[in-house]
There are 2 protein chains.
Amino acid sequence: MSDPKRILAEMSRDLDSQIRLYIKDECPENLIGAVRQYPYAGGKRIRPSLVIASCGAVGGEKSKAIPLAVAIEYIHNFTLIHDDIIDGDEKRRGMITSHMKYGIPTAILAGDALFGKALNVLSELEVSDGDLRRILRFITAAVWDLARGQQMDINNESGKSVTIKDYIETIRLKTGVLFAASAVGGALIGGADNSIIEAIRRYATSLGIAFQIFDDVLGIVGDPVKTGKSITNDIRRGKYTAITCHAVESIKEENEMRTFRSIFGKVDGSEEEIGVVRSILKKSGSIDYAIKLANKYSKDAMSELSLLTSSEDKDFLIELAKYAVTRSV
Amino acid sequence: MSDPKRILAEMSRDLDSQIRLYIKDECPENLIGAVRQYPYAGGKRIRPSLVIASCGAVGGEKSKAIPLAVAIEYIHNFTLIHDDIIDGDEKRRGMITSHMKYGIPTAILAGDALFGKALNVLSELEVSDGDLRRILRFITAAVWDLARGQQMDINNESGKSVTIKDYIETIRLKTGVLFAASAVGGALIGGADNSIIEAIRRYATSLGIAFQIFDDVLGIVGDPVKTGKSITNDIRRGKYTAITCHAVESIKEENEMRTFRSIFGKVDGSEEEIGVVRSILKKSGSIDYAIKLANKYSKDAMSELSLLTSSEDKDFLIELAKYAVTRSV
């Protein structure tokens with residue numbers, strides 16, 4: 001079996017030089033520095049790997065998908081830069097965030113510039129002009145949906161009850177649609193027919209949802225040293241996730257519910273209080289519930305791939321769906 | 001002679017329904033409200049008018065250019081939303097700014113979403129797929145340059161001396177390139193050949209520079225009631241414009257230069273101090289210089305149009321170049 005972490009690392013290495021290809025030395029230096037910071041810093045590179053593996057899995061020539069992989073990674077990074085401003089985060093994976101390093105104005109502009117560059121790279125894709133039009137449509141619709149998902153995420157923090165259905169819709173928009181645009185774009189470049197493209201789209205949407213649910217699990221029970229996320233952050237912020245949506249519906253004892261509600265979203269909650277909430281979430285079965293839900297989406301994703309003939313790239317897509325819900329980072 | 005203000009007003013009215021066509025009712029409501037605010041509020045609509053008139057002036061079917069006109073207006077508005085955050089402006093043309101109304105997170109996302117929507121509208125253009133690729137290339141390069149220009153503008157405020165050459169390059173990027181992309185896109189849709197497209201590109205670049213120089217003149221000597229700009233803002237902010245670049249090179253008396261330097265960029269400069277600076281700028285001939293420079297670019301713009309055969313749209317493009325440097329708003 002292929003090891004998705006190893007393959008991701010290899011793909012990431014191969015992509016690095018391509019990611020550095022399009023952002024030339026230009027003035028003003030501070031903007032170019034800010035534009036480069038996130039994409040040059042690495043990361044899991046899941047979305048660009050999805051582009052390339054989807055192209056390969058439908059029998060396409062993978063090298064042709066590289067500019068799209070780069071464009072998608074730029075788009076992902078542009079949203080991270082703006083997200084970090086919005087969330088007021090000072091660090092990302094140990095790295096100082098864009099707005100803390102360059103100031104908010106430059107970070108806003110760097111995100112905008114990176115989005116512009118992404119679509120400029122897209123205009124150079126060696127695909128039929130008709131396919132370019134379809135890819136443009138998918139990607140720009142994804143960015144629109146992504147902004148909607150991020151806004152829902154913000155709105156969800158404002159204290160009202162969020163159902164699990166609302167939460168799934170939020171992460172579908174926040175994560176699923178760009179995963180889907182990545183995979184669909186790769187499959188289009190690979191020359192897939194519409195039924196395959198639809199299956200790939202459903203695969204990647206479910207994969208994105210599985211990734212995001214499991215990310216939220218790691219945000220509550222993960223090892224902060226590995227994940228680079230503060231466990232306490234999601235609780236202090238009152239962030240709705242599959243775990244907390246379930247908890248609100250499942251905590252039976254009134255006392256526990258009162259305790260949970262008094263600490264969840266309390267920005268200055270103590271470490272002890274966070275620990276109490278974590279115990280309540282374990283007892284209510286909410287953490288197990290979220291892990292099972294992530295596994296369901298992971299399995300849904302894999303089942304969509306049955307149309308594809310066997311290949312290394314298909315194997316990678318399957319392993320990626322397993323990795324989504326087993327990783328520690 | 002056609003009156004560009006009247007034609008702009010007519011075009012703006014015709015475009016209004018189109019501008020409202022693509023932003024459907026969706027959730028979350030606050031994001032959609034923020035996305036709609038700026039484009040629905042109106043404005044001079046110079047860029048979309050440029051798209052349509054350029055298409056008409058090369059003999060094209062103007063209705064085909066409408067989606068591009070809408071896309072460009074969305075892009076312009078996305079940059080305004082982010083600009084207002086960057087500058088910390090509380091009002092724009094009497095209207096409360098996006099981030100003051102919806103908060104910074106939603107304003108950032110609204111700008112991003114509007115940019116995404118702009119390029120999504122582009123994907124629906126009824127042009128050959130090859131022309132779509134060329135238009136995509138032009139517009140995305142323009143957004144990249146725009147961010148560079150805005151960053152240079154910010155950097156220029158940080159106190160170092162800025163030459164007139166630096167200033168012209170800044171406004172070429174900040175304003176000229178999107179004007180150029182608008183006109184070139186319109187001409188491409190109209191089926192113009194490369195020599196015409198190059199002439200139109202040079203016309204619109206010079207037009208954009210003329211507009212921006214004159215905007216900066218209005219920012220110092222205009223009627224704040226008409227322009228909606230505070231005269232004192234540019235001076236308090238230490239904003240480099242053609243006027244202040246010239247002043248730094250031309251003020252002869254040491255006393256005057258000391259006074260100018262002590263007030264220019266003084267965030268809490270009094271009304272009296274601002275008045276003193278304005279007198280110095282008049283005496284040094286800097287305001288006249290900037291008006292002449294704007295006129296030079298306006299004439300350069302017009303001279304590029306000699307290749308075009310006579311038409312109402314050509315007349316409008318000429319009148320627009322005159323209007324750029326004679327308007328009071």
# chains A, B, ... in the order shown; residues from 1 in each chain; ligands from 1
$ select_by_dssp --residues "segment 120-243 of chain B" --states "alpha helix (DSSP H)" --output "PyMOL selection string"
chain B and resi 120-122+129-156+164-171+177-189+194-221+224-227+231-236+242-243
$ write_last_selection --atoms "C-alpha atoms" --output "PDB file, in the first residue's frame"
ATOM      1  CA  ASN B 120     -17.017  33.852 -12.389  1.00  0.00           C
ATOM      2  CA  VAL B 121     -18.996  36.367 -14.461  1.00  0.00           C
ATOM      3  CA  LEU B 122     -16.023  36.489 -16.833  1.00  0.00           C
ATOM      4  CA  ASP B 129     -12.589  30.712 -25.677  1.00  0.00           C
ATOM      5  CA  GLY B 130      -9.260  32.052 -26.965  1.00  0.00           C
ATOM      6  CA  ASP B 131     -10.301  35.650 -26.350  1.00  0.00           C
ATOM      7  CA  LEU B 132     -11.515  34.651 -22.899  1.00  0.00           C
ATOM      8  CA  ARG B 133      -8.009  33.393 -22.151  1.00  0.00           C
ATOM      9  CA  ARG B 134      -6.471  36.697 -23.283  1.00  0.00           C
ATOM     10  CA  ILE B 135      -8.947  38.749 -21.257  1.00  0.00           C
ATOM     11  CA  LEU B 136      -8.327  36.589 -18.184  1.00  0.00           C
ATOM     12  CA  ARG B 137      -4.593  37.157 -18.579  1.00  0.00           C
ATOM     13  CA  PHE B 138      -4.977  40.939 -18.829  1.00  0.00           C
ATOM     14  CA  ILE B 139      -7.358  41.301 -15.916  1.00  0.00           C
ATOM     15  CA  THR B 140      -5.486  39.082 -13.483  1.00  0.00           C
ATOM     16  CA  ALA B 141      -2.203  40.821 -14.326  1.00  0.00           C
ATOM     17  CA  ALA B 142      -3.990  44.105 -13.645  1.00  0.00           C
ATOM     18  CA  VAL B 143      -5.100  42.966 -10.174  1.00  0.00           C
ATOM     19  CA  TRP B 144      -1.546  41.881  -9.392  1.00  0.00           C
ATOM     20  CA  ASP B 145      -0.221  45.294 -10.493  1.00  0.00           C
ATOM     21  CA  LEU B 146      -2.981  47.066  -8.604  1.00  0.00           C
ATOM     22  CA  ALA B 147      -1.879  45.456  -5.344  1.00  0.00           C
ATOM     23  CA  ARG B 148       1.698  46.486  -6.120  1.00  0.00           C
ATOM     24  CA  GLY B 149       0.590  50.064  -6.740  1.00  0.00           C
ATOM     25  CA  GLN B 150      -1.418  50.175  -3.527  1.00  0.00           C
ATOM     26  CA  GLN B 151       1.547  48.848  -1.568  1.00  0.00           C
ATOM     27  CA  MET B 152       3.829  51.466  -3.156  1.00  0.00           C
ATOM     28  CA  ASP B 153       1.290  54.108  -2.173  1.00  0.00           C
ATOM     29  CA  ILE B 154       1.463  52.875   1.429  1.00  0.00           C
ATOM     30  CA  ASN B 155       5.263  52.745   1.329  1.00  0.00           C
ATOM     31  CA  ASN B 156       5.344  56.293  -0.096  1.00  0.00           C
ATOM     32  CA  ILE B 164       7.634  62.326  -9.640  1.00  0.00           C
ATOM     33  CA  LYS B 165       8.764  59.260 -11.606  1.00  0.00           C
ATOM     34  CA  ASP B 166       8.014  56.987  -8.638  1.00  0.00           C
ATOM     35  CA  TYR B 167       4.663  58.655  -8.233  1.00  0.00           C
ATOM     36  CA  ILE B 168       3.699  58.179 -11.883  1.00  0.00           C
ATOM     37  CA  GLU B 169       4.697  54.512 -11.701  1.00  0.00           C
ATOM     38  CA  THR B 170       2.592  54.102  -8.545  1.00  0.00           C
ATOM     39  CA  ILE B 171      -0.539  55.542 -10.119  1.00  0.00           C
ATOM     40  CA  VAL B 177      -3.565  49.053 -15.506  1.00  0.00           C
ATOM     41  CA  LEU B 178      -7.225  48.396 -14.639  1.00  0.00           C
ATOM     42  CA  PHE B 179      -8.292  51.203 -16.992  1.00  0.00           C
ATOM     43  CA  ALA B 180      -6.132  49.526 -19.636  1.00  0.00           C
ATOM     44  CA  ALA B 181      -7.534  46.053 -18.937  1.00  0.00           C
ATOM     45  CA  SER B 182     -11.055  47.482 -19.213  1.00  0.00           C
ATOM     46  CA  ALA B 183     -10.459  49.110 -22.580  1.00  0.00           C
ATOM     47  CA  VAL B 184      -8.390  46.247 -23.994  1.00  0.00           C
ATOM     48  CA  GLY B 185     -11.014  43.728 -22.905  1.00  0.00           C
ATOM     49  CA  GLY B 186     -13.755  45.754 -24.579  1.00  0.00           C
ATOM     50  CA  ALA B 187     -11.714  46.108 -27.772  1.00  0.00           C
ATOM     51  CA  LEU B 188     -10.948  42.366 -27.821  1.00  0.00           C
ATOM     52  CA  ILE B 189     -14.634  41.559 -27.494  1.00  0.00           C
ATOM     53  CA  ASN B 194      -3.552  43.963 -32.368  1.00  0.00           C
ATOM     54  CA  SER B 195      -2.449  47.440 -33.499  1.00  0.00           C
ATOM     55  CA  ILE B 196      -5.785  48.911 -32.426  1.00  0.00           C
ATOM     56  CA  ILE B 197      -5.663  47.017 -29.144  1.00  0.00           C
ATOM     57  CA  GLU B 198      -2.205  48.398 -28.417  1.00  0.00           C
ATOM     58  CA  ALA B 199      -3.402  51.953 -29.158  1.00  0.00           C
ATOM     59  CA  ILE B 200      -6.438  51.462 -26.928  1.00  0.00           C
ATOM     60  CA  ARG B 201      -4.184  50.103 -24.181  1.00  0.00           C
ATOM     61  CA  ARG B 202      -1.971  53.191 -24.327  1.00  0.00           C
ATOM     62  CA  TYR B 203      -5.027  55.471 -24.453  1.00  0.00           C
ATOM     63  CA  ALA B 204      -6.541  53.924 -21.322  1.00  0.00           C
ATOM     64  CA  THR B 205      -3.267  53.817 -19.399  1.00  0.00           C
ATOM     65  CA  SER B 206      -2.706  57.546 -19.995  1.00  0.00           C
ATOM     66  CA  LEU B 207      -6.367  58.224 -19.227  1.00  0.00           C
ATOM     67  CA  GLY B 208      -6.037  56.416 -15.887  1.00  0.00           C
ATOM     68  CA  ILE B 209      -2.921  58.384 -14.996  1.00  0.00           C
ATOM     69  CA  ALA B 210      -4.623  61.677 -15.964  1.00  0.00           C
ATOM     70  CA  PHE B 211      -7.645  60.758 -13.825  1.00  0.00           C
ATOM     71  CA  GLN B 212      -5.498  59.900 -10.821  1.00  0.00           C
ATOM     72  CA  ILE B 213      -3.308  63.011 -11.001  1.00  0.00           C
ATOM     73  CA  PHE B 214      -6.424  65.154 -11.259  1.00  0.00           C
ATOM     74  CA  ASP B 215      -8.013  63.221  -8.396  1.00  0.00           C
ATOM     75  CA  ASP B 216      -5.035  64.148  -6.273  1.00  0.00           C
ATOM     76  CA  VAL B 217      -5.424  67.783  -7.361  1.00  0.00           C
ATOM     77  CA  LEU B 218      -9.082  67.683  -6.285  1.00  0.00           C
ATOM     78  CA  GLY B 219      -7.876  66.162  -3.008  1.00  0.00           C
ATOM     79  CA  ILE B 220      -5.941  69.387  -2.301  1.00  0.00           C
ATOM     80  CA  VAL B 221      -7.954  72.153  -3.967  1.00  0.00           C
ATOM     81  CA  PRO B 224     -15.059  68.736  -0.263  1.00  0.00           C
ATOM     82  CA  VAL B 225     -18.843  69.058  -0.526  1.00  0.00           C
ATOM     83  CA  LYS B 226     -18.673  67.981  -4.181  1.00  0.00           C
ATOM     84  CA  THR B 227     -15.778  65.531  -4.076  1.00  0.00           C
ATOM     85  CA  ILE B 231      -8.973  68.363   1.577  1.00  0.00           C
ATOM     86  CA  THR B 232      -6.892  68.107   4.672  1.00  0.00           C
ATOM     87  CA  ASN B 233      -6.659  64.321   4.565  1.00  0.00           C
ATOM     88  CA  ASP B 234      -3.995  64.043   1.871  1.00  0.00           C
ATOM     89  CA  ILE B 235      -1.821  66.616   3.643  1.00  0.00           C
ATOM     90  CA  ARG B 236      -2.268  65.170   7.139  1.00  0.00           C
ATOM     91  CA  ALA B 242       2.235  65.076  -8.262  1.00  0.00           C
ATOM     92  CA  ILE B 243       1.683  68.242  -6.245  1.00  0.00           C
TER      93      ILE B 243
END
$ residues_around --residues "Cys245 of chain B" --least-positions-apart "5" --cutoff "9 Å" --atoms "only C-alpha atoms" --output "list of chain:residue names"
B:Ser161, B:Val162, B:Thr163, B:Ile164, B:Tyr167, B:Tyr240, B:Ser250, B:Ser286
$ atom_distance --atom1 "atom CA of Ala294 of chain B" --atom2 "atom CA of Thr175 of chain B"
13.6 Å
$ residues_around --residues "segment 273-282 of chain B" --least-positions-apart "4" --cutoff "7 Å" --atoms "only C-alpha atoms" --output "list of chain:residue names"
B:Thr232, B:Ala247, B:Phe260, B:Ile263, B:Gly269, B:Ser286, B:Ile287
$ select_by_dssp --residues "segment 76-313 of chain B" --states "strand (DSSP E or B)" --output "ChimeraX atom specification"
/B:91-92,95-96
$ closest_residue --among "B:Ser54, B:Ser63, B:Thr106, B:Ser49" --to "Lys5 of chain B" --atoms "only C-alpha atoms"
B:Ser49
